[in-house]
$ cat structure_10.cif   # mmCIF, C-alpha atoms and all ligand atoms
data_input
loop_
_atom_site.label_atom_id
_atom_site.label_comp_id
_atom_site.auth_asym_id
_atom_site.auth_seq_id
_atom_site.Cartn_x
_atom_site.Cartn_y
_atom_site.Cartn_z
CA ALA A 1070 -48.14 28.71 14.32
CA ASP A 1071 -47.79 29.73 10.70
CA ASP A 1072 -46.17 26.49 9.56
CA VAL A 1073 -49.61 25.34 8.38
CA ALA A 1074 -49.67 27.74 5.46
CA GLU A 1075 -45.99 27.42 4.49
CA GLU A 1076 -45.46 25.92 1.03
CA GLU A 1077 -42.50 23.59 1.29
CA VAL A 1078 -40.32 23.37 -1.80
CA PRO A 1079 -39.37 19.70 -2.22
CA VAL A 1080 -35.66 18.91 -2.34
CA TYR A 1081 -34.70 15.82 -4.34
CA ILE A 1082 -31.37 14.08 -4.05
CA VAL A 1083 -29.91 13.45 -7.49
CA GLY A 1084 -27.28 10.78 -7.99
CA THR A 1085 -24.66 11.10 -10.72
CA GLU A 1086 -21.20 9.94 -11.74
CA PRO A 1087 -19.74 13.34 -12.57
CA TYR A 1088 -16.72 12.48 -14.75
CA PHE A 1089 -18.69 12.28 -17.96
CA PRO A 1090 -18.36 15.43 -20.05
CA PRO A 1091 -20.30 16.96 -21.75
CA PHE A 1092 -23.16 15.53 -19.63
CA GLU A 1093 -21.87 15.93 -16.06
CA TYR A 1094 -18.41 17.05 -15.01
CA ALA A 1095 -16.57 19.32 -12.61
CA ASP A 1096 -16.35 23.01 -13.47
CA GLU A 1097 -12.67 23.88 -14.19
CA ASN A 1098 -13.04 27.08 -12.21
CA ASN A 1099 -14.77 25.52 -9.24
CA SER A 1100 -14.29 21.79 -8.86
CA ASN A 1101 -17.08 21.61 -6.27
CA GLU A 1102 -19.59 22.59 -8.91
CA ILE A 1103 -20.98 20.07 -11.41
CA ILE A 1104 -21.83 21.42 -14.85
CA GLY A 1105 -22.95 19.90 -18.14
CA PHE A 1106 -25.89 19.18 -20.41
CA ASP A 1107 -27.68 16.96 -17.88
CA VAL A 1108 -27.10 19.48 -15.09
CA ASP A 1109 -28.54 22.42 -17.02
CA LEU A 1110 -31.46 20.30 -18.20
CA ILE A 1111 -32.46 19.01 -14.77
CA ASN A 1112 -32.02 22.50 -13.28
CA ALA A 1113 -34.38 23.90 -15.92
CA ILE A 1114 -36.90 21.15 -15.17
CA ALA A 1115 -36.57 21.77 -11.42
CA GLU A 1116 -37.23 25.45 -11.93
CA ASP A 1117 -40.24 24.72 -14.13
CA GLN A 1118 -41.69 22.21 -11.65
CA GLY A 1119 -40.79 24.05 -8.44
CA PHE A 1120 -38.36 21.67 -6.79
CA GLU A 1121 -34.77 21.89 -5.63
CA ILE A 1122 -31.84 19.59 -6.17
CA GLU A 1123 -29.06 18.28 -4.02
CA TRP A 1124 -26.32 16.38 -5.88
CA LYS A 1125 -24.77 13.15 -4.71
CA ASP A 1126 -21.67 11.76 -6.45
CA LEU A 1127 -21.55 8.01 -6.83
CA GLU A 1128 -19.83 5.49 -9.08
CA PHE A 1129 -21.96 4.70 -12.09
CA ASP A 1130 -22.64 1.10 -11.06
CA ALA A 1131 -23.76 2.27 -7.60
CA LEU A 1132 -26.53 4.53 -8.91
CA ILE A 1133 -29.35 2.00 -9.36
CA PRO A 1134 -28.72 0.33 -5.96
CA ALA A 1135 -28.71 3.80 -4.34
CA LEU A 1136 -32.06 4.59 -5.95
CA GLN A 1137 -33.56 1.30 -4.85
CA SER A 1138 -32.38 1.75 -1.26
CA GLY A 1139 -33.75 5.31 -1.11
CA GLN A 1140 -30.34 6.97 -0.73
CA ILE A 1141 -31.14 9.11 -3.79
CA ASP A 1142 -34.44 10.17 -5.39
CA MET A 1143 -33.38 10.14 -9.02
CA ILE A 1144 -30.51 9.36 -11.37
CA VAL A 1145 -29.32 12.03 -13.79
CA SER A 1146 -26.19 10.55 -15.27
CA GLY A 1147 -26.35 10.03 -19.01
CA MET A 1148 -28.11 6.78 -18.25
CA THR A 1149 -29.34 4.78 -21.21
CA ILE A 1150 -32.88 3.47 -21.07
CA THR A 1151 -32.65 -0.31 -21.33
CA GLU A 1152 -35.20 -3.08 -20.88
CA GLU A 1153 -33.00 -4.71 -18.28
CA ARG A 1154 -32.76 -1.54 -16.17
CA GLU A 1155 -36.49 -0.99 -16.54
CA GLU A 1156 -36.93 -4.06 -14.36
CA SER A 1157 -35.31 -2.21 -11.45
CA VAL A 1158 -36.15 1.49 -12.01
CA ASP A 1159 -38.68 3.67 -13.85
CA PHE A 1160 -37.39 5.92 -16.63
CA SER A 1161 -38.66 9.29 -17.80
CA GLU A 1162 -39.34 9.98 -21.45
CA PRO A 1163 -36.04 9.90 -23.40
CA TYR A 1164 -34.29 13.30 -23.30
CA ILE A 1165 -31.47 12.81 -25.81
CA ASN A 1166 -30.23 10.24 -28.30
CA ALA A 1167 -26.71 8.93 -27.97
CA GLY A 1168 -25.02 5.72 -28.99
CA LEU A 1169 -21.97 3.60 -28.48
CA ALA A 1170 -18.72 4.25 -30.31
CA LEU A 1171 -15.59 2.17 -30.64
CA ALA A 1172 -12.32 4.02 -30.16
CA VAL A 1173 -8.63 3.09 -30.11
CA ALA A 1174 -5.31 4.83 -29.39
CA VAL A 1175 -4.40 7.22 -32.22
CA ASP A 1176 -1.38 5.13 -33.21
CA ASN A 1177 -3.35 1.88 -33.46
CA ASP A 1178 -3.39 0.89 -37.14
CA GLU A 1179 -4.58 -2.63 -36.51
CA ILE A 1180 -8.17 -1.87 -35.58
CA GLN A 1181 -9.76 0.11 -38.39
CA SER A 1182 -13.34 -1.02 -37.84
CA VAL A 1183 -15.47 -3.27 -35.66
CA ASP A 1184 -14.38 -6.17 -37.92
CA ASP A 1185 -10.84 -6.00 -36.54
CA ILE A 1186 -11.53 -6.60 -32.84
CA GLU A 1187 -11.27 -10.38 -32.89
CA GLY A 1188 -9.05 -11.64 -30.06
CA LYS A 1189 -8.60 -8.12 -28.68
CA VAL A 1190 -9.07 -6.64 -25.20
CA ALA A 1191 -11.81 -4.09 -24.49
CA VAL A 1192 -11.84 -1.45 -21.77
CA VAL A 1193 -15.17 -0.05 -20.59
CA GLN A 1194 -16.92 1.79 -17.78
CA GLN A 1195 -18.18 -0.53 -15.06
CA GLY A 1196 -21.93 -1.06 -15.24
CA SER A 1197 -22.36 0.83 -18.52
CA THR A 1198 -24.09 -0.25 -21.69
CA GLY A 1199 -20.61 -0.26 -23.25
CA SER A 1200 -19.63 -2.91 -20.73
CA GLN A 1201 -22.72 -4.97 -21.55
CA LYS A 1202 -21.79 -4.79 -25.22
CA ALA A 1203 -18.22 -5.89 -24.46
CA ASP A 1204 -19.54 -8.77 -22.30
CA GLU A 1205 -21.66 -9.95 -25.22
CA LEU A 1206 -18.63 -9.86 -27.53
CA LYS A 1207 -16.64 -11.85 -24.99
CA ASP A 1208 -19.41 -14.41 -24.45
CA GLU A 1209 -19.65 -14.89 -28.20
CA GLY A 1210 -15.93 -15.60 -28.21
CA VAL A 1211 -15.18 -12.63 -30.44
CA ILE A 1212 -12.91 -10.75 -28.06
CA GLU A 1213 -10.33 -12.01 -25.61
CA ASP A 1214 -11.04 -10.02 -22.46
CA VAL A 1215 -12.74 -7.01 -20.89
CA ILE A 1216 -11.28 -4.54 -18.39
CA TYR A 1217 -13.86 -2.67 -16.28
CA LEU A 1218 -12.98 0.73 -14.80
CA ALA A 1219 -14.93 3.37 -12.92
CA HIS A 1220 -13.92 6.48 -14.89
CA VAL A 1221 -13.52 7.35 -18.54
CA ASN A 1222 -10.11 8.99 -17.97
CA ASP A 1223 -8.68 5.73 -16.66
CA ILE A 1224 -10.19 3.89 -19.60
CA ILE A 1225 -8.22 6.11 -21.95
CA LEU A 1226 -4.99 5.60 -19.98
CA ASN A 1227 -5.41 1.87 -20.60
CA LEU A 1228 -5.58 2.47 -24.34
CA GLN A 1229 -2.47 4.66 -24.21
CA SER A 1230 -0.51 2.08 -22.23
CA GLY A 1231 -1.60 -0.74 -24.53
CA ARG A 1232 -3.18 -2.75 -21.72
CA ALA A 1233 -6.40 -2.65 -23.70
CA ASP A 1234 -6.90 -2.43 -27.47
CA PHE A 1235 -10.19 -0.60 -27.75
CA MET A 1236 -12.90 1.10 -25.74
CA ILE A 1237 -16.68 1.09 -26.12
CA ASN A 1238 -18.22 4.23 -24.74
CA ASP A 1239 -20.92 6.79 -25.44
CA LEU A 1240 -20.22 8.63 -28.69
CA PRO A 1241 -20.81 12.22 -27.44
CA VAL A 1242 -18.46 11.60 -24.51
CA THR A 1243 -15.75 10.12 -26.70
CA GLN A 1244 -16.14 13.03 -29.13
CA ALA A 1245 -15.91 15.56 -26.30
CA TYR A 1246 -12.74 13.88 -25.01
CA ILE A 1247 -11.16 14.03 -28.47
CA SER A 1248 -11.96 17.69 -28.94
CA GLN A 1249 -10.51 18.53 -25.50
CA ASN A 1250 -7.49 16.23 -25.88
CA PRO A 1251 -6.62 15.89 -29.56
CA GLY A 1252 -4.12 13.25 -30.63
CA VAL A 1253 -4.76 10.63 -27.95
CA ILE A 1254 -7.57 8.41 -29.23
CA LYS A 1255 -9.59 8.09 -32.43
CA ILE A 1256 -13.06 6.78 -33.23
CA VAL A 1257 -13.14 3.82 -35.59
CA ASP A 1258 -16.88 3.10 -35.42
CA ASP A 1259 -19.37 5.75 -34.36
CA GLN A 1260 -22.52 3.66 -34.26
CA ILE A 1261 -22.21 0.23 -32.69
CA GLN A 1262 -25.56 0.68 -31.00
CA SER A 1263 -28.06 3.54 -30.79
CA GLU A 1264 -29.41 4.52 -27.38
CA SER A 1265 -31.48 7.17 -25.58
CA TYR A 1266 -30.93 8.61 -22.13
CA GLY A 1267 -33.60 8.98 -19.48
CA PHE A 1268 -33.86 10.15 -15.90
CA ALA A 1269 -34.50 7.28 -13.51
CA VAL A 1270 -36.67 7.20 -10.39
CA LYS A 1271 -37.52 4.43 -7.95
CA THR A 1272 -40.06 1.99 -9.37
CA GLY A 1273 -43.53 3.32 -8.66
CA ASN A 1274 -42.47 6.90 -7.85
CA THR A 1275 -45.02 8.31 -10.29
CA GLU A 1276 -45.23 11.65 -8.46
CA LEU A 1277 -41.63 12.50 -9.30
CA LEU A 1278 -41.75 10.83 -12.70
CA GLU A 1279 -44.72 12.98 -13.72
CA LYS A 1280 -42.86 16.14 -12.68
CA LEU A 1281 -39.83 15.10 -14.72
CA ASN A 1282 -41.89 14.33 -17.81
CA ALA A 1283 -44.02 17.48 -17.51
CA GLY A 1284 -40.96 19.65 -16.91
CA LEU A 1285 -39.09 18.06 -19.82
CA ALA A 1286 -42.03 18.70 -22.16
CA ASN A 1287 -42.24 22.33 -21.00
CA VAL A 1288 -38.54 23.11 -21.43
CA GLN A 1289 -38.60 21.43 -24.83
CA ALA A 1290 -41.59 23.54 -25.87
CA ASP A 1291 -40.28 26.90 -24.62
CA GLY A 1292 -36.86 26.73 -26.30
CA THR A 1293 -34.80 26.16 -23.14
CA TYR A 1294 -33.88 22.65 -24.25
CA ASP A 1295 -32.52 23.94 -27.56
CA GLU A 1296 -30.44 26.58 -25.77
CA ILE A 1297 -28.85 23.91 -23.60
CA MET A 1298 -28.17 21.80 -26.70
CA GLU A 1299 -26.53 24.80 -28.34
CA LYS A 1300 -24.34 25.37 -25.30
CA TYR A 1301 -22.88 21.86 -25.07
CA PHE A 1302 -22.99 20.50 -28.64
N1 LIG B 1401 -25.01 5.70 -21.31
C1 LIG B 1401 -24.21 4.69 -20.68
C2 LIG B 1401 -25.07 3.83 -19.80
O1 LIG B 1401 -26.13 4.17 -19.44
C3 LIG B 1401 -23.06 5.25 -19.87
C4 LIG B 1401 -23.42 6.33 -18.90
C5 LIG B 1401 -22.31 6.70 -17.97
N2 LIG B 1401 -22.64 7.90 -17.28
C6 LIG B 1401 -21.84 8.52 -16.40
N3 LIG B 1401 -22.22 9.63 -15.87
N4 LIG B 1401 -20.71 7.97 -16.12
O2 LIG B 1401 -24.68 2.77 -19.42
#
$ encode --input "structure_10.cif" --output "structure tokens"
Amino acid sequence: ADDVAEEEVPVYIVGTEPYFPPFEYADENNSNEIIGFDVDLINAIAEDQGFEIEWKDLEFDALIPALQSGQIDMIVSGMTITEEREESVDFSEPYINAGLALAVAVDNDEIQSVDDIEGKVAVVQQGSTGSQKADELKDEGVIEDVIYLAHVNDIILNLQSGRADFMINDLPVTQAYISQNPGVIKIVDDQIQSESYGFAVKTGNTELLEKLNAGLANVQADGTYDEIMEKYF
């Protein structure tokens, strides 16, 4: 049999929460297709390292459990590298800097900066660093309450309806929303916390982690990374 000599191309299952433009989101022209900065970047790395990708959509707070249980091989989802998460997964080298921004409905004149959130209600994405930040503010007694939702679009609906007063979410995502949907929300603080995103693999999966880091270094060196940056930012 000739299966002895066949080189198998590995296929890795990549988990993502794909409602997070410009990082991962459905293509307007083909809603079955996920596009975005993260998608182009991991595809370039896959090409460089000779592996293939199969996408799996999950809620953001389900990604780490899915990695730990072996349902997925890696997380590519605008995920911030944090010390706490490092206890349950291994992260690649950081691939982009982002940070948390505070935004409110456009007609909100009350909250003009982070100093005006006392006694207010936050709305955040479940399991995100924005939600951790809001939890801290609640524990410190600064804010009144936190609403946790799965998707950024629903977060914004809560600002529009007045159920929540402000959101804490990744700055590039909030900026992308504003440029696509002007006149709905506005940013009142664009740097509550600085962060970097990484790809996550199961703890100890050094084989895959080394491919991700080597591929990232190669696409950064050959100009592909800059082209992807250009395309989405
Ligand atoms: N960067 C934030 C975090 O890691 C939010 C990421 C949300 N990503 C997504 N695809 N919904 O907590």
$ atom_distance --input "structure_10.cif" --atom1 "atom CA of Gly1292 of chain A" --atom2 "atom CA of Tyr1266 of chain A"
19.5 Å
$ closest_atom_pairs --input "structure_10.cif" --of "chain A" --to "ligand LIG 1401 (chain B)" --cutoff "6 Å" --atoms "all atoms listed in the file" --output "JSON lines"
{"residue": "A:Thr1085", "atom": "CA", "partner": "B:LIG1401", "partner_atom": "N3", "distance": 5.9}
{"residue": "A:Glu1086", "atom": "CA", "partner": "B:LIG1401", "partner_atom": "N3", "distance": 4.3}
{"residue": "A:Pro1087", "atom": "CA", "partner": "B:LIG1401", "partner_atom": "N3", "distance": 5.6}
{"residue": "A:Phe1089", "atom": "CA", "partner": "B:LIG1401", "partner_atom": "N3", "distance": 4.9}
{"residue": "A:Phe1129", "atom": "CA", "partner": "B:LIG1401", "partner_atom": "N4", "distance": 5.3}
{"residue": "A:Ser1146", "atom": "CA", "partner": "B:LIG1401", "partner_atom": "N3", "distance": 4.1}
{"residue": "A:Gly1147", "atom": "CA", "partner": "B:LIG1401", "partner_atom": "N2", "distance": 4.6}
{"residue": "A:Met1148", "atom": "CA", "partner": "B:LIG1401", "partner_atom": "O1", "distance": 3.5}
{"residue": "A:Thr1149", "atom": "CA", "partner": "B:LIG1401", "partner_atom": "O1", "distance": 3.7}
{"residue": "A:Ser1197", "atom": "CA", "partner": "B:LIG1401", "partner_atom": "O2", "distance": 3.2}
{"residue": "A:Thr1198", "atom": "CA", "partner": "B:LIG1401", "partner_atom": "O2", "distance": 3.8}
{"residue": "A:Asp1239", "atom": "CA", "partner": "B:LIG1401", "partner_atom": "N1", "distance": 5.9}
$ write_last_selection --input "structure_10.cif" --atoms "C-alpha atoms" --output "PDB file, keeping the file's coordinate frame"
ATOM      1  CA  THR A1085     -24.660  11.100 -10.720  1.00  0.00           C
ATOM      2  CA  GLU A1086     -21.200   9.940 -11.740  1.00  0.00           C
ATOM      3  CA  PRO A1087     -19.740  13.340 -12.570  1.00  0.00           C
ATOM      4  CA  PHE A1089     -18.690  12.280 -17.960  1.00  0.00           C
ATOM      5  CA  PHE A1129     -21.960   4.700 -12.090  1.00  0.00           C
ATOM      6  CA  SER A1146     -26.190  10.550 -15.270  1.00  0.00           C
ATOM      7  CA  GLY A1147     -26.350  10.030 -19.010  1.00  0.00           C
ATOM      8  CA  MET A1148     -28.110   6.780 -18.250  1.00  0.00           C
ATOM      9  CA  THR A1149     -29.340   4.780 -21.210  1.00  0.00           C
ATOM     10  CA  SER A1197     -22.360   0.830 -18.520  1.00  0.00           C
ATOM     11  CA  THR A1198     -24.090  -0.250 -21.690  1.00  0.00           C
ATOM     12  CA  ASP A1239     -20.920   6.790 -25.440  1.00  0.00           C
TER      13      ASP A1239
END
$ residues_around --input "structure_10.cif" --residues "segment 1249-1260 of chain A" --least-positions-apart "4" --cutoff "8 Å" --atoms "only C-alpha atoms" --output "ChimeraX atom specification"
/A:1168-1175,1180-1183,1225,1228-1229,1240,1243,1245
$ residues_around --input "structure_10.cif" --residues "Val1242 of chain A" --least-positions-apart "4" --cutoff "9 Å" --atoms "all atoms listed in the file" --output "list in words"
Phe1089, Pro1090, Pro1091, Phe1092, Val1221, Asn1238, Tyr1246 and Ile1247 of chain A
$ write_last_selection --input "structure_10.cif" --atoms "C-alpha atoms" --output "PDB file, in the coordinates of the input"
ATOM      1  CA  PHE A1089     -18.690  12.280 -17.960  1.00  0.00           C
ATOM      2  CA  PRO A1090     -18.360  15.430 -20.050  1.00  0.00           C
ATOM      3  CA  PRO A1091     -20.300  16.960 -21.750  1.00  0.00           C
ATOM      4  CA  PHE A1092     -23.160  15.530 -19.630  1.00  0.00           C
ATOM      5  CA  VAL A1221     -13.520   7.350 -18.540  1.00  0.00           C
ATOM      6  CA  ASN A1238     -18.220   4.230 -24.740  1.00  0.00           C
ATOM      7  CA  TYR A1246     -12.740  13.880 -25.010  1.00  0.00           C
ATOM      8  CA  ILE A1247     -11.160  14.030 -28.470  1.00  0.00           C
TER       9      ILE A1247
END
$ closest_atom_pairs --input "structure_10.cif" --of "segment 1119-1207 of chain A" --to "segment 1270-1289 of chain A" --cutoff "7 Å" --atoms "all atoms listed in the file" --output "Markdown table"
| residue | atom | partner | partner_atom | distance |
| --- | --- | --- | --- | --- |
| A:Leu1136 | CA | A:Lys1271 | CA | 5.8 |
| A:Gln1137 | CA | A:Lys1271 | CA | 5.9 |
| A:Asp1142 | CA | A:Val1270 | CA | 6.2 |
| A:Met1143 | CA | A:Val1270 | CA | 4.6 |
| A:Ile1144 | CA | A:Val1270 | CA | 6.6 |
| A:Ser1157 | CA | A:Thr1272 | CA | 6.7 |
| A:Val1158 | CA | A:Thr1272 | CA | 4.7 |
| A:Asp1159 | CA | A:Thr1272 | CA | 5.0 |
| A:Phe1160 | CA | A:Val1270 | CA | 6.4 |
| A:Ser1161 | CA | A:Asn1282 | CA | 6.0 |
| A:Glu1162 | CA | A:Asn1282 | CA | 6.2 |
$ atom_distance --input "structure_10.cif" --atom1 "atom CA of Asn1177 of chain A" --atom2 "atom CA of Asp1234 of chain A"
8.2 Å
$ residues_around --input "structure_10.cif" --residues "Phe1302 of chain A" --least-positions-apart "3" --cutoff "10 Å" --atoms "only C-alpha atoms" --output "number ranges by chain"
A: 1091, 1106, 1241, 1245, 1297-1299
$ atom_distance --input "structure_10.cif" --atom1 "atom CA of Gly1188 of chain A" --atom2 "atom CA of Phe1235 of chain A"
11.3 Å
$ residues_around --input "structure_10.cif" --residues "Val1215 of chain A" --least-positions-apart "6" --cutoff "10 Å" --atoms "only C-alpha atoms" --output "CSV table (one decimal) with C-alpha atoms, in the coordinates of the input"
chain,number,residue,atom,x,y,z
A,1189,LYS,CA,-8.6,-8.1,-28.7
A,1190,VAL,CA,-9.1,-6.6,-25.2
A,1191,ALA,CA,-11.8,-4.1,-24.5
A,1192,VAL,CA,-11.8,-1.4,-21.8
A,1193,VAL,CA,-15.2,0.0,-20.6
A,1200,SER,CA,-19.6,-2.9,-20.7
A,1203,ALA,CA,-18.2,-5.9,-24.5
A,1204,ASP,CA,-19.5,-8.8,-22.3
A,1206,LEU,CA,-18.6,-9.9,-27.5
A,1207,LYS,CA,-16.6,-11.8,-25.0
A,1233,ALA,CA,-6.4,-2.6,-23.7
A,1234,ASP,CA,-6.9,-2.4,-27.5
A,1235,PHE,CA,-10.2,-0.6,-27.8
A,1236,MET,CA,-12.9,1.1,-25.7
$ closest_residue --input "structure_10.cif" --among "A:Ala1167, A:Ile1104, A:Leu1132, A:Ile1114" --to "Asp1291 of chain A" --atoms "only C-alpha atoms"
A:Ile1114
$ closest_residue --input "structure_10.cif" --among "A:Pro1163, A:Gly1084, A:Gly1210, A:Gly1105" --to "Glu1123 of chain A" --atoms "only C-alpha atoms"
A:Gly1084
$ closest_residue --input "structure_10.cif" --among "A:Ile1186, A:Ala1269, A:Ala1135, A:Ile1237" --to "Gly1199 of chain A" --atoms "only C-alpha atoms"
A:Ile1237
$ closest_residue --input "structure_10.cif" --among "A:Glu1093, A:Asp1176, A:Asp1208, A:Glu1102" --to "Val1145 of chain A" --atoms "all atoms listed in the file"
A:Glu1093
$ axis_aligned_box --input "structure_10.cif" --around "segment 1261-1265 of chain A" --padding-each-side "6 Å" --output "JSON"
{"center_x": -26.8, "center_y": 3.7, "center_z": -29.1, "size_x": 21.3, "size_y": 18.9, "size_z": 19.1}
$ closest_residue --input "structure_10.cif" --among "A:Trp1124, A:Gly1119, A:Ile1082, A:Val1108" --to "Gly1139 of chain A" --atoms "all atoms listed in the file"
A:Ile1082
$ closest_residue --input "structure_10.cif" --among "A:Asp1214, A:Ala1290, A:Glu1296, A:Ile1150" --to "Ile1165 of chain A" --atoms "all atoms listed in the file"
A:Ile1150
$ build_atoms --input "structure_10.cif" --residues "segment 1272-1288 of chain A" --atoms "N, CA and C atoms" --output "mmCIF file, keeping the file's coordinate frame"
data_model
loop_
_atom_site.group_PDB
_atom_site.id
_atom_site.type_symbol
_atom_site.label_atom_id
_atom_site.label_comp_id
_atom_site.auth_asym_id
_atom_site.auth_seq_id
_atom_site.Cartn_x
_atom_site.Cartn_y
_atom_site.Cartn_z
ATOM 1 N N THR A 1272 -38.871 2.608 -8.791
ATOM 2 C CA THR A 1272 -40.060 1.990 -9.370
ATOM 3 C C THR A 1272 -41.300 2.407 -8.576
ATOM 4 N N GLY A 1273 -42.271 2.930 -9.309
ATOM 5 C CA GLY A 1273 -43.530 3.320 -8.660
ATOM 6 C C GLY A 1273 -43.571 4.759 -8.176
ATOM 7 N N ASN A 1274 -42.464 5.486 -8.282
ATOM 8 C CA ASN A 1274 -42.470 6.900 -7.850
ATOM 9 C C ASN A 1274 -43.060 7.774 -8.964
ATOM 10 N N THR A 1275 -44.369 7.610 -9.174
ATOM 11 C CA THR A 1275 -45.020 8.310 -10.290
ATOM 12 C C THR A 1275 -45.100 9.818 -10.041
ATOM 13 N N GLU A 1276 -45.149 10.222 -8.763
ATOM 14 C CA GLU A 1276 -45.230 11.650 -8.460
ATOM 15 C C GLU A 1276 -44.031 12.387 -9.049
ATOM 16 N N LEU A 1277 -42.842 11.862 -8.778
ATOM 17 C CA LEU A 1277 -41.630 12.500 -9.300
ATOM 18 C C LEU A 1277 -41.499 12.291 -10.814
ATOM 19 N N LEU A 1278 -41.857 11.107 -11.268
ATOM 20 C CA LEU A 1278 -41.750 10.830 -12.700
ATOM 21 C C LEU A 1278 -42.629 11.791 -13.512
ATOM 22 N N GLU A 1279 -43.823 12.064 -13.003
ATOM 23 C CA GLU A 1279 -44.720 12.980 -13.720
ATOM 24 C C GLU A 1279 -44.154 14.401 -13.757
ATOM 25 N N LYS A 1280 -43.503 14.814 -12.672
ATOM 26 C CA LYS A 1280 -42.860 16.140 -12.680
ATOM 27 C C LYS A 1280 -41.745 16.181 -13.725
ATOM 28 N N LEU A 1281 -40.953 15.123 -13.772
ATOM 29 C CA LEU A 1281 -39.830 15.100 -14.720
ATOM 30 C C LEU A 1281 -40.342 15.144 -16.155
ATOM 31 N N ASN A 1282 -41.374 14.358 -16.438
ATOM 32 C CA ASN A 1282 -41.890 14.330 -17.810
ATOM 33 C C ASN A 1282 -42.590 15.637 -18.185
ATOM 34 N N ALA A 1283 -43.337 16.208 -17.228
ATOM 35 C CA ALA A 1283 -44.020 17.480 -17.510
ATOM 36 C C ALA A 1283 -42.991 18.593 -17.696
ATOM 37 N N GLY A 1284 -41.989 18.623 -16.824
ATOM 38 C CA GLY A 1284 -40.960 19.650 -16.910
ATOM 39 C C GLY A 1284 -40.155 19.521 -18.206
ATOM 40 N N LEU A 1285 -39.831 18.292 -18.574
ATOM 41 C CA LEU A 1285 -39.090 18.060 -19.820
ATOM 42 C C LEU A 1285 -39.896 18.569 -21.020
ATOM 43 N N ALA A 1286 -41.181 18.246 -21.051
ATOM 44 C CA ALA A 1286 -42.030 18.700 -22.160
ATOM 45 C C ALA A 1286 -42.082 20.233 -22.199
ATOM 46 N N ASN A 1287 -42.181 20.858 -21.040
ATOM 47 C CA ASN A 1287 -42.240 22.330 -21.000
ATOM 48 C C ASN A 1287 -40.936 22.967 -21.482
ATOM 49 N N VAL A 1288 -39.804 22.472 -21.013
ATOM 50 C CA VAL A 1288 -38.540 23.110 -21.430
ATOM 51 C C VAL A 1288 -38.212 22.796 -22.889
#
